[in-house]
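What follows is the content of protein_5.tsv (TSV, C-alpha atoms).
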chain	number	residue	atom	x	y	z
A	1	MET	CA	0.00	0.00	0.00
A	2	SER	CA	1.48	3.33	-1.08
A	3	ILE	CA	1.31	6.37	1.17
A	4	VAL	CA	2.05	10.08	0.95
A	5	LEU	CA	3.38	12.26	3.75
A	6	GLY	CA	2.37	15.75	4.77
A	7	ILE	CA	4.68	17.65	7.11
A	8	ASP	CA	4.03	20.87	8.98
A	9	VAL	CA	7.16	22.49	10.39
A	10	GLY	CA	6.21	24.72	13.30
A	11	ALA	CA	8.07	26.80	15.84
A	12	SER	CA	7.16	24.52	18.74
A	13	LYS	CA	6.57	21.20	17.00
A	14	THR	CA	6.84	19.39	13.69
A	15	THR	CA	3.93	17.17	12.68
A	16	CYS	CA	4.07	14.44	10.04
A	17	VAL	CA	0.89	12.84	8.68
A	18	ALA	CA	0.64	9.68	6.53
A	19	LEU	CA	-2.21	9.44	4.02
A	20	ASP	CA	-3.35	6.20	2.40
A	21	VAL	CA	-3.35	6.83	-1.35
A	22	LYS	CA	-6.33	4.53	-2.00
A	23	THR	CA	-8.64	5.81	0.73
A	24	ARG	CA	-7.21	9.33	1.11
A	25	GLN	CA	-7.52	8.81	4.86
A	26	VAL	CA	-4.99	9.72	7.52
A	27	ILE	CA	-3.53	6.50	8.93
A	28	SER	CA	-0.87	7.81	11.32
A	29	ARG	CA	0.86	10.84	12.81
A	30	GLY	CA	4.30	11.59	14.15
A	31	VAL	CA	5.23	14.61	16.25
A	32	SER	CA	8.68	15.95	17.09
A	33	LEU	CA	10.23	19.21	18.23
A	34	GLY	CA	10.00	22.26	16.03
A	35	ALA	CA	12.65	22.35	13.32
A	36	HIS	CA	14.18	25.82	13.11
A	37	TRP	CA	15.72	25.96	9.64
A	38	THR	CA	16.61	29.63	9.96
A	39	ASP	CA	18.94	28.84	12.88
A	40	SER	CA	22.59	28.02	12.40
A	41	ASP	CA	22.14	24.50	13.83
A	42	THR	CA	20.58	22.88	10.76
A	43	GLN	CA	21.75	19.42	11.89
A	44	LYS	CA	19.39	19.57	14.87
A	45	ALA	CA	16.60	20.73	12.57
A	46	LYS	CA	17.22	17.69	10.37
A	47	GLN	CA	17.16	15.34	13.35
A	48	ASP	CA	13.87	16.79	14.60
A	49	LEU	CA	12.38	16.46	11.12
A	50	TRP	CA	13.61	12.89	10.71
A	51	LYS	CA	12.18	11.89	14.07
A	52	GLY	CA	8.72	13.11	13.06
A	53	ILE	CA	8.90	11.14	9.81
A	54	SER	CA	10.23	8.03	11.54
A	55	ASP	CA	7.56	8.08	14.25
A	56	CYS	CA	4.84	8.52	11.63
A	57	LEU	CA	6.08	5.57	9.53
A	58	ASN	CA	6.55	3.32	12.56
A	59	SER	CA	3.05	4.15	13.78
A	60	CYS	CA	1.44	2.81	10.61
A	61	GLY	CA	3.88	-0.04	10.06
A	62	LYS	CA	5.28	1.42	6.85
A	63	SER	CA	8.80	2.03	5.59
A	64	SER	CA	10.27	4.81	3.50
A	65	LYS	CA	9.92	2.55	0.44
A	66	ASP	CA	6.13	2.91	0.68
A	67	VAL	CA	6.28	6.72	0.39
A	68	ILE	CA	5.63	8.03	-3.13
A	69	SER	CA	5.22	11.73	-2.43
A	70	VAL	CA	5.96	14.22	0.35
A	71	CYS	CA	4.86	17.81	0.86
A	72	VAL	CA	6.34	20.07	3.54
A	73	GLY	CA	4.87	23.34	4.76
A	74	SER	CA	7.33	25.54	6.62
A	75	PRO	CA	7.53	29.16	7.78
A	76	GLY	CA	10.32	31.30	6.41
A	77	ILE	CA	10.39	29.69	2.95
A	78	ASP	CA	10.99	32.90	1.06
A	79	PHE	CA	14.06	31.90	-0.91
A	80	ALA	CA	14.69	28.92	-3.17
A	81	GLU	CA	17.68	27.76	-1.14
A	82	ASP	CA	15.51	27.41	1.98
A	83	GLY	CA	13.26	24.91	0.24
A	84	VAL	CA	16.17	22.97	-1.21
A	85	LEU	CA	17.73	22.49	2.22
A	86	ILE	CA	14.54	20.99	3.65
A	87	ALA	CA	13.81	18.91	0.53
A	88	ASN	CA	17.28	17.37	0.61
A	89	ALA	CA	16.92	16.59	4.32
A	90	VAL	CA	13.67	14.71	3.63
A	91	LYS	CA	15.02	12.88	0.57
A	92	SER	CA	18.02	11.65	2.55
A	93	GLN	CA	15.66	9.62	4.74
A	94	LEU	CA	13.59	8.11	1.93
A	95	SER	CA	14.17	5.15	-0.33
A	96	GLY	CA	13.07	5.07	-3.94
A	97	ASP	CA	12.11	8.06	-6.04
A	98	ALA	CA	9.49	9.83	-3.94
A	99	THR	CA	8.84	13.41	-4.98
A	100	VAL	CA	9.42	16.05	-2.30
A	101	THR	CA	7.85	19.50	-2.51
A	102	VAL	CA	8.44	22.30	-0.02
A	103	TYR	CA	5.99	25.17	0.31
A	104	SER	CA	5.58	28.17	2.54
A	105	ASP	CA	3.16	27.42	5.38
A	106	ALA	CA	0.86	29.99	3.79
A	107	VAL	CA	0.34	27.56	0.90
A	108	THR	CA	-0.69	24.71	3.18
A	109	ALA	CA	-2.94	27.10	5.10
A	110	LEU	CA	-4.68	27.95	1.83
A	111	ALA	CA	-5.05	24.25	0.99
A	112	SER	CA	-6.49	23.52	4.45
A	113	GLY	CA	-9.56	25.61	3.62
A	114	THR	CA	-9.99	24.76	-0.06
A	115	GLY	CA	-9.84	20.97	0.07
A	116	GLY	CA	-6.35	21.00	-1.39
A	117	ALA	CA	-6.98	23.35	-4.31
A	118	LEU	CA	-4.28	26.01	-4.75
A	119	HIS	CA	-6.60	28.74	-5.94
A	120	GLY	CA	-7.76	31.74	-3.95
A	121	CYS	CA	-6.35	33.60	-0.98
A	122	VAL	CA	-5.52	33.01	2.65
A	123	LEU	CA	-5.22	35.60	5.40
A	124	ILE	CA	-3.32	34.40	8.47
A	125	ALA	CA	-3.25	36.34	11.73
A	126	GLY	CA	-1.51	34.92	14.77
A	127	THR	CA	1.74	36.10	16.34
A	128	GLY	CA	2.52	37.47	12.90
A	129	THR	CA	0.40	37.87	9.79
A	130	VAL	CA	0.60	37.24	6.08
A	131	ALA	CA	-1.76	37.47	3.13
A	132	PHE	CA	-1.15	35.04	0.29
A	133	GLY	CA	-2.88	33.98	-2.88
A	134	MET	CA	-2.55	31.71	-5.90
A	135	VAL	CA	-4.35	31.37	-9.21
A	136	ASN	CA	-4.77	27.81	-10.47
A	137	GLY	CA	-1.69	26.63	-8.60
A	138	LYS	CA	0.67	28.80	-10.62
A	139	ILE	CA	0.63	32.59	-10.27
A	140	GLN	CA	1.11	33.70	-6.68
A	141	ALA	CA	1.34	36.89	-4.65
A	142	ARG	CA	1.76	37.88	-1.02
A	143	ALA	CA	1.67	40.89	1.26
A	144	SER	CA	2.88	41.43	4.83
A	145	GLY	CA	4.66	38.58	6.55
A	146	TRP	CA	7.79	40.66	7.00
A	147	GLY	CA	7.91	39.84	10.69
A	148	PRO	CA	7.37	41.71	13.98
A	149	ALA	CA	10.36	44.00	13.45
A	150	PHE	CA	8.43	45.47	10.52
A	151	MET	CA	5.24	45.70	12.63
A	152	ASP	CA	3.02	43.55	10.41
A	153	GLY	CA	-0.28	45.36	10.83
A	154	GLY	CA	-3.10	43.35	12.33
A	155	SER	CA	-0.85	40.66	13.81
A	156	GLY	CA	-0.94	39.54	17.42
A	157	TYR	CA	2.30	41.40	17.98
A	158	ASP	CA	0.74	44.57	16.55
A	159	LEU	CA	-2.34	44.30	18.79
A	160	GLY	CA	-0.25	43.48	21.84
A	161	SER	CA	2.14	46.38	21.26
A	162	ARG	CA	-0.72	48.83	20.79
A	163	ALA	CA	-2.38	47.52	23.94
A	164	LEU	CA	0.77	48.15	25.99
A	165	SER	CA	1.01	51.62	24.50
A	166	ALA	CA	-2.63	52.28	25.42
A	167	VAL	CA	-2.00	51.12	29.00
A	168	ALA	CA	1.02	53.41	29.36
A	169	LYS	CA	-0.89	56.38	27.95
A	170	ALA	CA	-3.90	55.75	30.21
A	171	HIS	CA	-1.65	55.48	33.26
A	172	ASP	CA	0.24	58.68	32.39
A	173	GLY	CA	-2.90	60.64	31.56
A	174	ARG	CA	-1.84	60.93	27.92
A	175	GLY	CA	-4.72	58.82	26.71
A	176	ALA	CA	-8.23	57.64	27.51
A	177	GLY	CA	-8.87	55.33	30.41
A	178	SER	CA	-9.28	51.67	29.58
A	179	ILE	CA	-10.03	48.36	31.27
A	180	LEU	CA	-6.96	47.13	29.42
A	181	VAL	CA	-4.91	48.50	32.32
A	182	GLU	CA	-6.42	46.18	34.90
A	183	ALA	CA	-6.90	43.29	32.50
A	184	ILE	CA	-3.26	43.18	31.41
A	185	THR	CA	-1.72	43.75	34.83
A	186	GLN	CA	-3.90	41.00	36.31
A	187	HIS	CA	-3.16	38.64	33.44
A	188	LEU	CA	0.58	39.10	33.87
A	189	GLY	CA	0.44	39.02	37.67
A	190	VAL	CA	2.13	42.37	38.20
A	191	ASN	CA	1.22	44.63	41.11
A	192	LYS	CA	1.77	48.00	39.45
A	193	VAL	CA	1.53	49.34	35.93
A	194	GLU	CA	5.18	50.36	36.18
A	195	ASP	CA	6.10	46.69	36.59
A	196	LEU	CA	5.10	46.17	32.96
A	197	VAL	CA	8.39	47.81	31.97
A	198	ARG	CA	10.37	45.04	33.63
A	199	TRP	CA	8.08	42.39	32.11
A	200	ALA	CA	8.39	43.84	28.61
A	201	TYR	CA	12.18	44.08	28.61
A	202	THR	CA	13.25	41.13	30.74
A	203	GLU	CA	12.80	38.75	27.83
A	204	GLN	CA	12.78	40.04	24.27
A	205	SER	CA	10.15	37.84	22.65
A	206	TRP	CA	7.68	38.63	19.89
A	207	ALA	CA	5.35	35.88	21.12
A	208	ARG	CA	5.14	37.33	24.65
A	209	ILE	CA	3.82	40.62	23.29
A	210	ALA	CA	1.49	38.82	20.87
A	211	SER	CA	0.06	36.77	23.76
A	212	LEU	CA	-1.71	39.95	24.92
A	213	ALA	CA	-3.85	40.09	21.77
A	214	PRO	CA	-6.67	37.86	23.15
A	215	ILE	CA	-6.97	40.26	26.09
A	216	VAL	CA	-7.54	43.10	23.64
A	217	VAL	CA	-10.30	41.07	21.97
A	218	GLU	CA	-11.91	40.28	25.34
A	219	CYS	CA	-11.82	43.91	26.51
A	220	ALA	CA	-13.31	45.07	23.21
A	221	SER	CA	-16.04	42.44	23.64
A	222	GLN	CA	-16.84	44.06	26.99
A	223	GLY	CA	-17.32	47.42	25.28
A	224	ASP	CA	-13.98	49.06	25.98
A	225	ALA	CA	-13.55	51.84	23.41
A	226	VAL	CA	-9.74	51.83	23.49
A	227	ALA	CA	-9.49	48.08	22.91
A	228	ASP	CA	-12.11	48.34	20.19
A	229	THR	CA	-10.07	51.01	18.43
A	230	VAL	CA	-6.99	48.77	18.53
A	231	LEU	CA	-8.99	45.90	17.00
A	232	LYS	CA	-10.48	48.00	14.24
A	233	HIS	CA	-7.08	49.42	13.37
A	234	GLY	CA	-5.80	45.86	13.08
A	235	VAL	CA	-8.70	44.89	10.83
A	236	GLY	CA	-7.94	47.83	8.58
A	237	GLU	CA	-4.33	46.67	8.29
A	238	LEU	CA	-5.38	43.10	7.48
A	239	LEU	CA	-7.78	44.35	4.85
A	240	ARG	CA	-5.01	46.33	3.16
A	241	SER	CA	-2.86	43.19	3.09
A	242	ILE	CA	-5.46	40.93	1.50
A	243	LYS	CA	-6.57	43.69	-0.86
A	244	ALA	CA	-2.97	44.02	-2.08
A	245	VAL	CA	-2.93	40.31	-2.91
A	246	THR	CA	-6.28	40.24	-4.71
A	247	THR	CA	-5.19	43.26	-6.74
A	248	LYS	CA	-1.90	41.66	-7.75
A	249	LEU	CA	-3.71	38.50	-8.81
A	250	ASP	CA	-6.57	40.38	-10.48
A	251	LEU	CA	-9.08	38.20	-8.64
A	252	GLU	CA	-11.79	40.83	-8.29
A	253	ARG	CA	-11.93	42.05	-11.89
A	254	THR	CA	-14.13	39.21	-13.20
A	255	GLY	CA	-16.70	39.53	-10.45
A	256	GLN	CA	-16.55	35.78	-9.89
A	257	PRO	CA	-16.41	34.38	-6.34
A	258	PHE	CA	-13.03	33.13	-5.14
A	259	PRO	CA	-12.01	31.33	-1.93
A	260	LEU	CA	-10.63	33.34	0.98
A	261	VAL	CA	-9.44	31.28	3.92
A	262	LEU	CA	-9.18	32.99	7.30
A	263	ALA	CA	-6.58	31.24	9.44
A	264	GLY	CA	-4.44	31.71	12.53
A	265	GLY	CA	-5.22	32.01	16.21
A	266	LEU	CA	-6.77	35.47	15.91
A	267	LEU	CA	-9.14	34.74	13.02
A	268	THR	CA	-11.16	31.89	14.44
A	269	GLU	CA	-14.83	31.57	13.59
A	270	GLY	CA	-17.06	33.56	15.97
A	271	CYS	CA	-14.25	35.72	17.40
A	272	LEU	CA	-14.99	39.47	17.56
A	273	TYR	CA	-11.84	40.22	15.55
A	274	THR	CA	-13.09	37.83	12.88
A	275	GLN	CA	-16.55	39.39	12.94
A	276	TYR	CA	-15.06	42.83	12.31
A	277	MET	CA	-12.99	41.32	9.50
A	278	LEU	CA	-16.05	39.76	7.89
A	279	GLU	CA	-17.89	43.09	8.02
A	280	VAL	CA	-15.20	44.97	6.11
A	281	LEU	CA	-14.66	42.10	3.65
A	282	LYS	CA	-18.35	42.06	2.76
A	283	GLU	CA	-18.13	45.67	1.65
A	284	ALA	CA	-14.56	45.89	0.33
A	285	ILE	CA	-14.20	42.47	-1.35
A	286	PRO	CA	-17.76	41.16	-1.91
A	287	THR	CA	-16.63	38.35	-4.24
A	288	ALA	CA	-14.53	36.72	-1.50
A	289	SER	CA	-16.07	33.42	-0.39
A	290	VAL	CA	-14.84	33.06	3.18
A	291	SER	CA	-13.99	29.72	4.75
A	292	TYR	CA	-11.85	28.41	7.59
A	293	PRO	CA	-9.29	25.60	7.79
A	294	ALA	CA	-11.05	22.23	7.71
A	295	VAL	CA	-7.97	20.22	8.68
A	296	GLU	CA	-4.64	20.73	10.41
A	297	PRO	CA	-1.74	22.06	8.29
A	298	ALA	CA	0.04	18.69	8.15
A	299	GLU	CA	-3.04	17.00	6.71
A	300	ALA	CA	-3.42	19.80	4.18
A	301	ALA	CA	0.22	19.21	3.20
A	302	ALA	CA	-0.65	15.53	2.76
A	303	TRP	CA	-3.49	16.52	0.41
A	304	LEU	CA	-0.97	18.44	-1.69
A	305	ALA	CA	1.39	15.47	-1.68
A	306	TYR	CA	-1.52	13.30	-2.83
A	307	ASN	CA	-2.29	15.71	-5.67
A	308	GLN	CA	1.37	15.66	-6.70
A	309	ALA	CA	1.29	11.86	-6.78
A	310	ARG	CA	-1.79	11.87	-9.00
A	311	VAL	CA	-0.19	14.32	-11.44
A	312	ARG	CA	2.93	12.20	-11.56
A	313	GLN	CA	0.91	9.02	-12.16
A	314	TYR	CA	-1.09	10.66	-14.95
A	315	SER	CA	2.10	11.97	-16.60
A	316	SER	CA	3.70	8.51	-16.56
A	317	GLN	CA	0.58	6.94	-18.08
A	318	THR	CA	0.42	9.42	-20.95
A	319	GLN	CA	4.08	9.17	-21.92
Here is the file; what I need is its structure written in the form of structure tokens.
Amino acid sequence: MSIVLGIDVGASKTTCVALDVKTRQVISRGVSLGAHWTDSDTQKAKQDLWKGISDCLNSCGKSSKDVISVCVGSPGIDFAEDGVLIANAVKSQLSGDATVTVYSDAVTALASGTGGALHGCVLIAGTGTVAFGMVNGKIQARASGWGPAFMDGGSGYDLGSRALSAVAKAHDGRGAGSILVEAITQHLGVNKVEDLVRWAYTEQSWARIASLAPIVVECASQGDAVADTVLKHGVGELLRSIKAVTTKLDLERTGQPFPLVLAGGLLTEGCLYTQYMLEVLKEAIPTASVSYPAVEPAEAAAWLAYNQARVRQYSSQTQ
């Protein structure tokens, strides 16, 4: 029985999923530590990746000889050499002539909401944010995703930073009062607002600042005007990102509906931030048909690997 593998490389963990080619069902999973390919220690990244693959194969009683196609979704794949490094690491652990494709994790996020089709757009908002789109699996465009240092508008880091700024201004009397002050100090377990300075600079971490974003959403849900302003500013930034992509790909010109997947921890279905996003999308991009990820990124990567295997099989039959 032939299988395909889908791999999602994350910051905290790497997940490998095996898909039965005949049934298109997930038959096993393997999880290992996150593989940081942008770090200097690429050998450790390889070992973490190999462990995920090995655990997945062992779990379903398969060997590398049974693998006919692999797709990897990874953050930071912005240059061709990044993809080659990961592809070669995967190939070194496989037997036979399995095809290995490496995509940005934005591609697998798109596939997770389209059933594997690489057509349409995806807007991801979590710690960071990126807008990405493809047309018929070929032409592609992106906006944002430059990282926290570039203050990607609408990201968790953006919302968290603006929340801290609002707290400082409210405390100083430079800005309007807000329940963000009490909510954030209580959440972080600090006794005084001034203690936030020590918290913010003790450990330089984008994720720590971004972790404050859900508090902004909660305070806005309670009617806090300052938090609401932060959210709506973020929504405006996200809209500009996705609008840039649809314009580059000319997706709105025909007036035909196209898929738009909302993904990431901040754009979950039913969340106030998502509701605000849906409101502006309805007016600004009415042809966008919004959906959410139906499967985890690793399974979406497996769908893409499955599609690659089908294309390869068809090509061999027609030669």
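Remark: residues at most 10 Å from position (-6.1, 27.1, -11.4) in file coordinates are A:Ala117, A:Leu118, A:His119, A:Gly120, A:Met134, A:Val135, A:Asn136, A:Gly137, A:Lys138, A:Ile139, using all atoms listed in the file.
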Just the selected residues (C-alpha atoms), exported as a compact mmCIF listing (two decimals), in the frame of the given file, please.
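Writing done, so here's again-v4.txt:
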# COMPACT_ATOMS: atom_id res chain seq x y z
CA ALA A 117 -6.98 23.35 -4.31
CA LEU A 118 -4.28 26.01 -4.75
CA HIS A 119 -6.60 28.74 -5.94
CA GLY A 120 -7.76 31.74 -3.95
CA MET A 134 -2.55 31.71 -5.90
CA VAL A 135 -4.35 31.37 -9.21
CA ASN A 136 -4.77 27.81 -10.47
CA GLY A 137 -1.69 26.63 -8.60
CA LYS A 138 0.67 28.80 -10.62
CA ILE A 139 0.63 32.59 -10.27
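In this comparison, which uses all atoms listed in the file, the residue of A:Val167, A:Leu123, A:Ala200, A:Ala176 approaching Ala244 of chain A most closely is A:Leu123.
Among the candidate residues A:Val84, A:Ala45, A:Ala131, A:Ala18, the one lying nearest to Lys248 of chain A is A:Ala131, with distances computed using all atoms listed in the file.
Near Trp50 of chain A, within 9 Å and counting all atoms listed in the file, sit Ser32, Ala45, Lys46, Ser54, Asp55, Ala89, Val90 and Gln93 of chain A; same-chain residues fewer than 4 positions away were not included.
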Mind writing the picked residues with C-alpha atoms as a compact mmCIF listing (two decimals), in the coordinates of the input?
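What follows is the written file again20.txt:
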# COMPACT_ATOMS: atom_id res chain seq x y z
CA SER A 32 8.68 15.95 17.09
CA ALA A 45 16.60 20.73 12.57
CA LYS A 46 17.22 17.69 10.37
CA SER A 54 10.23 8.03 11.54
CA ASP A 55 7.56 8.08 14.25
CA ALA A 89 16.92 16.59 4.32
CA VAL A 90 13.67 14.71 3.63
CA GLN A 93 15.66 9.62 4.74
Fill in: 9 Å contact set for segment 142-159 of chain A, all atoms listed in the file, chain neighbours under 2 positions out, as a PyMOL selection string
chain A and resi 124-134+140+161-164+206-214+216+230-245+248+265-266
Now that the selection is made, can you save its residues with C-alpha atoms as a short mmCIF file (atom, residue, chain, number, x, y, z; two decimals), in the coordinates of the input?
data_model
loop_
_atom_site.label_atom_id
_atom_site.label_comp_id
_atom_site.auth_asym_id
_atom_site.auth_seq_id
_atom_site.Cartn_x
_atom_site.Cartn_y
_atom_site.Cartn_z
CA ILE A 124 -3.32 34.40 8.47
CA ALA A 125 -3.25 36.34 11.73
CA GLY A 126 -1.51 34.92 14.77
CA THR A 127 1.74 36.10 16.34
CA GLY A 128 2.52 37.47 12.90
CA THR A 129 0.40 37.87 9.79
CA VAL A 130 0.60 37.24 6.08
CA ALA A 131 -1.76 37.47 3.13
CA PHE A 132 -1.15 35.04 0.29
CA GLY A 133 -2.88 33.98 -2.88
CA MET A 134 -2.55 31.71 -5.90
CA GLN A 140 1.11 33.70 -6.68
CA SER A 161 2.14 46.38 21.26
CA ARG A 162 -0.72 48.83 20.79
CA ALA A 163 -2.38 47.52 23.94
CA LEU A 164 0.77 48.15 25.99
CA TRP A 206 7.68 38.63 19.89
CA ALA A 207 5.35 35.88 21.12
CA ARG A 208 5.14 37.33 24.65
CA ILE A 209 3.82 40.62 23.29
CA ALA A 210 1.49 38.82 20.87
CA SER A 211 0.06 36.77 23.76
CA LEU A 212 -1.71 39.95 24.92
CA ALA A 213 -3.85 40.09 21.77
CA PRO A 214 -6.67 37.86 23.15
CA VAL A 216 -7.54 43.10 23.64
CA VAL A 230 -6.99 48.77 18.53
CA LEU A 231 -8.99 45.90 17.00
CA LYS A 232 -10.48 48.00 14.24
CA HIS A 233 -7.08 49.42 13.37
CA GLY A 234 -5.80 45.86 13.08
CA VAL A 235 -8.70 44.89 10.83
CA GLY A 236 -7.94 47.83 8.58
CA GLU A 237 -4.33 46.67 8.29
CA LEU A 238 -5.38 43.10 7.48
CA LEU A 239 -7.78 44.35 4.85
CA ARG A 240 -5.01 46.33 3.16
CA SER A 241 -2.86 43.19 3.09
CA ILE A 242 -5.46 40.93 1.50
CA LYS A 243 -6.57 43.69 -0.86
CA ALA A 244 -2.97 44.02 -2.08
CA VAL A 245 -2.93 40.31 -2.91
CA LYS A 248 -1.90 41.66 -7.75
CA GLY A 265 -5.22 32.01 16.21
CA LEU A 266 -6.77 35.47 15.91
#
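Closest approach to Gly113 of chain A from the set A:Ala301, A:Leu180, A:Met277, A:Ala220 is made by A:Ala301, with distances taken over all atoms listed in the file.
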Worksheet item: From the list A:Gly177, A:Pro259, A:Ala305, A:Lys44, which residue is nearest Asp224 of chain A when using only C-alpha atoms?
Response: A:Gly177
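One finds atom CA of Cys121 of chain A at 11.4 Å from atom CA of Pro257 of chain A.
Across A:Val226, A:Val217, A:Ala298, A:Ala98, the tightest approach to Lys13 of chain A is made by A:Ala298 when counting all atoms listed in the file.
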Item to complete: Tell me, as a ChimeraX atom specification, which residues lie within 10 Å of Trp199 of chain A, counting all atoms listed in the file; anything in the same chain fewer than 2 positions away does not count.
Response: /A:188,190,194-197,201-204,208-209
How would segment 105-123 of chain A look with N, CA and C atoms restored, written as a PDB file, in the coordinates of the input?
ATOM      1  N   ASP A 105       4.324  27.856   4.616  1.00  0.00           N
ATOM      2  CA  ASP A 105       3.160  27.420   5.380  1.00  0.00           C
ATOM      3  C   ASP A 105       1.893  28.174   4.992  1.00  0.00           C
ATOM      4  N   ALA A 106       2.036  29.289   4.285  1.00  0.00           N
ATOM      5  CA  ALA A 106       0.860  29.990   3.790  1.00  0.00           C
ATOM      6  C   ALA A 106       0.151  29.169   2.714  1.00  0.00           C
ATOM      7  N   VAL A 107       0.919  28.404   1.947  1.00  0.00           N
ATOM      8  CA  VAL A 107       0.340  27.560   0.900  1.00  0.00           C
ATOM      9  C   VAL A 107      -0.484  26.444   1.519  1.00  0.00           C
ATOM     10  N   THR A 108       0.059  25.786   2.540  1.00  0.00           N
ATOM     11  CA  THR A 108      -0.690  24.710   3.180  1.00  0.00           C
ATOM     12  C   THR A 108      -1.903  25.256   3.939  1.00  0.00           C
ATOM     13  N   ALA A 109      -1.791  26.478   4.445  1.00  0.00           N
ATOM     14  CA  ALA A 109      -2.940  27.100   5.100  1.00  0.00           C
ATOM     15  C   ALA A 109      -4.058  27.341   4.089  1.00  0.00           C
ATOM     16  N   LEU A 110      -3.689  27.772   2.893  1.00  0.00           N
ATOM     17  CA  LEU A 110      -4.680  27.950   1.830  1.00  0.00           C
ATOM     18  C   LEU A 110      -5.340  26.612   1.504  1.00  0.00           C
ATOM     19  N   ALA A 111      -4.528  25.581   1.331  1.00  0.00           N
ATOM     20  CA  ALA A 111      -5.050  24.250   0.990  1.00  0.00           C
ATOM     21  C   ALA A 111      -5.959  23.695   2.078  1.00  0.00           C
ATOM     22  N   SER A 112      -5.698  24.057   3.332  1.00  0.00           N
ATOM     23  CA  SER A 112      -6.490  23.520   4.450  1.00  0.00           C
ATOM     24  C   SER A 112      -7.934  23.994   4.397  1.00  0.00           C
ATOM     25  N   GLY A 113      -8.194  25.091   3.699  1.00  0.00           N
ATOM     26  CA  GLY A 113      -9.560  25.610   3.620  1.00  0.00           C
ATOM     27  C   GLY A 113     -10.202  25.456   2.263  1.00  0.00           C
ATOM     28  N   THR A 114      -9.457  24.915   1.292  1.00  0.00           N
ATOM     29  CA  THR A 114      -9.990  24.760  -0.060  1.00  0.00           C
ATOM     30  C   THR A 114     -10.080  23.294  -0.494  1.00  0.00           C
ATOM     31  N   GLY A 115      -9.815  22.381   0.425  1.00  0.00           N
ATOM     32  CA  GLY A 115      -9.840  20.970   0.070  1.00  0.00           C
ATOM     33  C   GLY A 115      -8.635  20.533  -0.720  1.00  0.00           C
ATOM     34  N   GLY A 116      -7.587  21.344  -0.692  1.00  0.00           N
ATOM     35  CA  GLY A 116      -6.350  21.000  -1.390  1.00  0.00           C
ATOM     36  C   GLY A 116      -6.137  21.777  -2.672  1.00  0.00           C
ATOM     37  N   ALA A 117      -7.122  22.548  -3.085  1.00  0.00           N
ATOM     38  CA  ALA A 117      -6.980  23.350  -4.310  1.00  0.00           C
ATOM     39  C   ALA A 117      -6.117  24.575  -4.029  1.00  0.00           C
ATOM     40  N   LEU A 118      -5.153  24.830  -4.912  1.00  0.00           N
ATOM     41  CA  LEU A 118      -4.280  26.010  -4.750  1.00  0.00           C
ATOM     42  C   LEU A 118      -4.802  27.130  -5.626  1.00  0.00           C
ATOM     43  N   HIS A 119      -5.977  27.614  -5.239  1.00  0.00           N
ATOM     44  CA  HIS A 119      -6.600  28.740  -5.940  1.00  0.00           C
ATOM     45  C   HIS A 119      -7.374  29.558  -4.916  1.00  0.00           C
ATOM     46  N   GLY A 120      -7.106  30.858  -4.896  1.00  0.00           N
ATOM     47  CA  GLY A 120      -7.760  31.740  -3.950  1.00  0.00           C
ATOM     48  C   GLY A 120      -6.748  32.405  -3.038  1.00  0.00           C
ATOM     49  N   CYS A 121      -7.214  32.862  -1.899  1.00  0.00           N
ATOM     50  CA  CYS A 121      -6.350  33.600  -0.980  1.00  0.00           C
ATOM     51  C   CYS A 121      -6.497  33.066   0.438  1.00  0.00           C
ATOM     52  N   VAL A 122      -5.475  33.323   1.227  1.00  0.00           N
ATOM     53  CA  VAL A 122      -5.520  33.010   2.650  1.00  0.00           C
ATOM     54  C   VAL A 122      -4.995  34.221   3.416  1.00  0.00           C
ATOM     55  N   LEU A 123      -5.656  34.527   4.512  1.00  0.00           N
ATOM     56  CA  LEU A 123      -5.220  35.600   5.400  1.00  0.00           C
ATOM     57  C   LEU A 123      -4.966  34.971   6.762  1.00  0.00           C
TER      58      LEU A 123
END
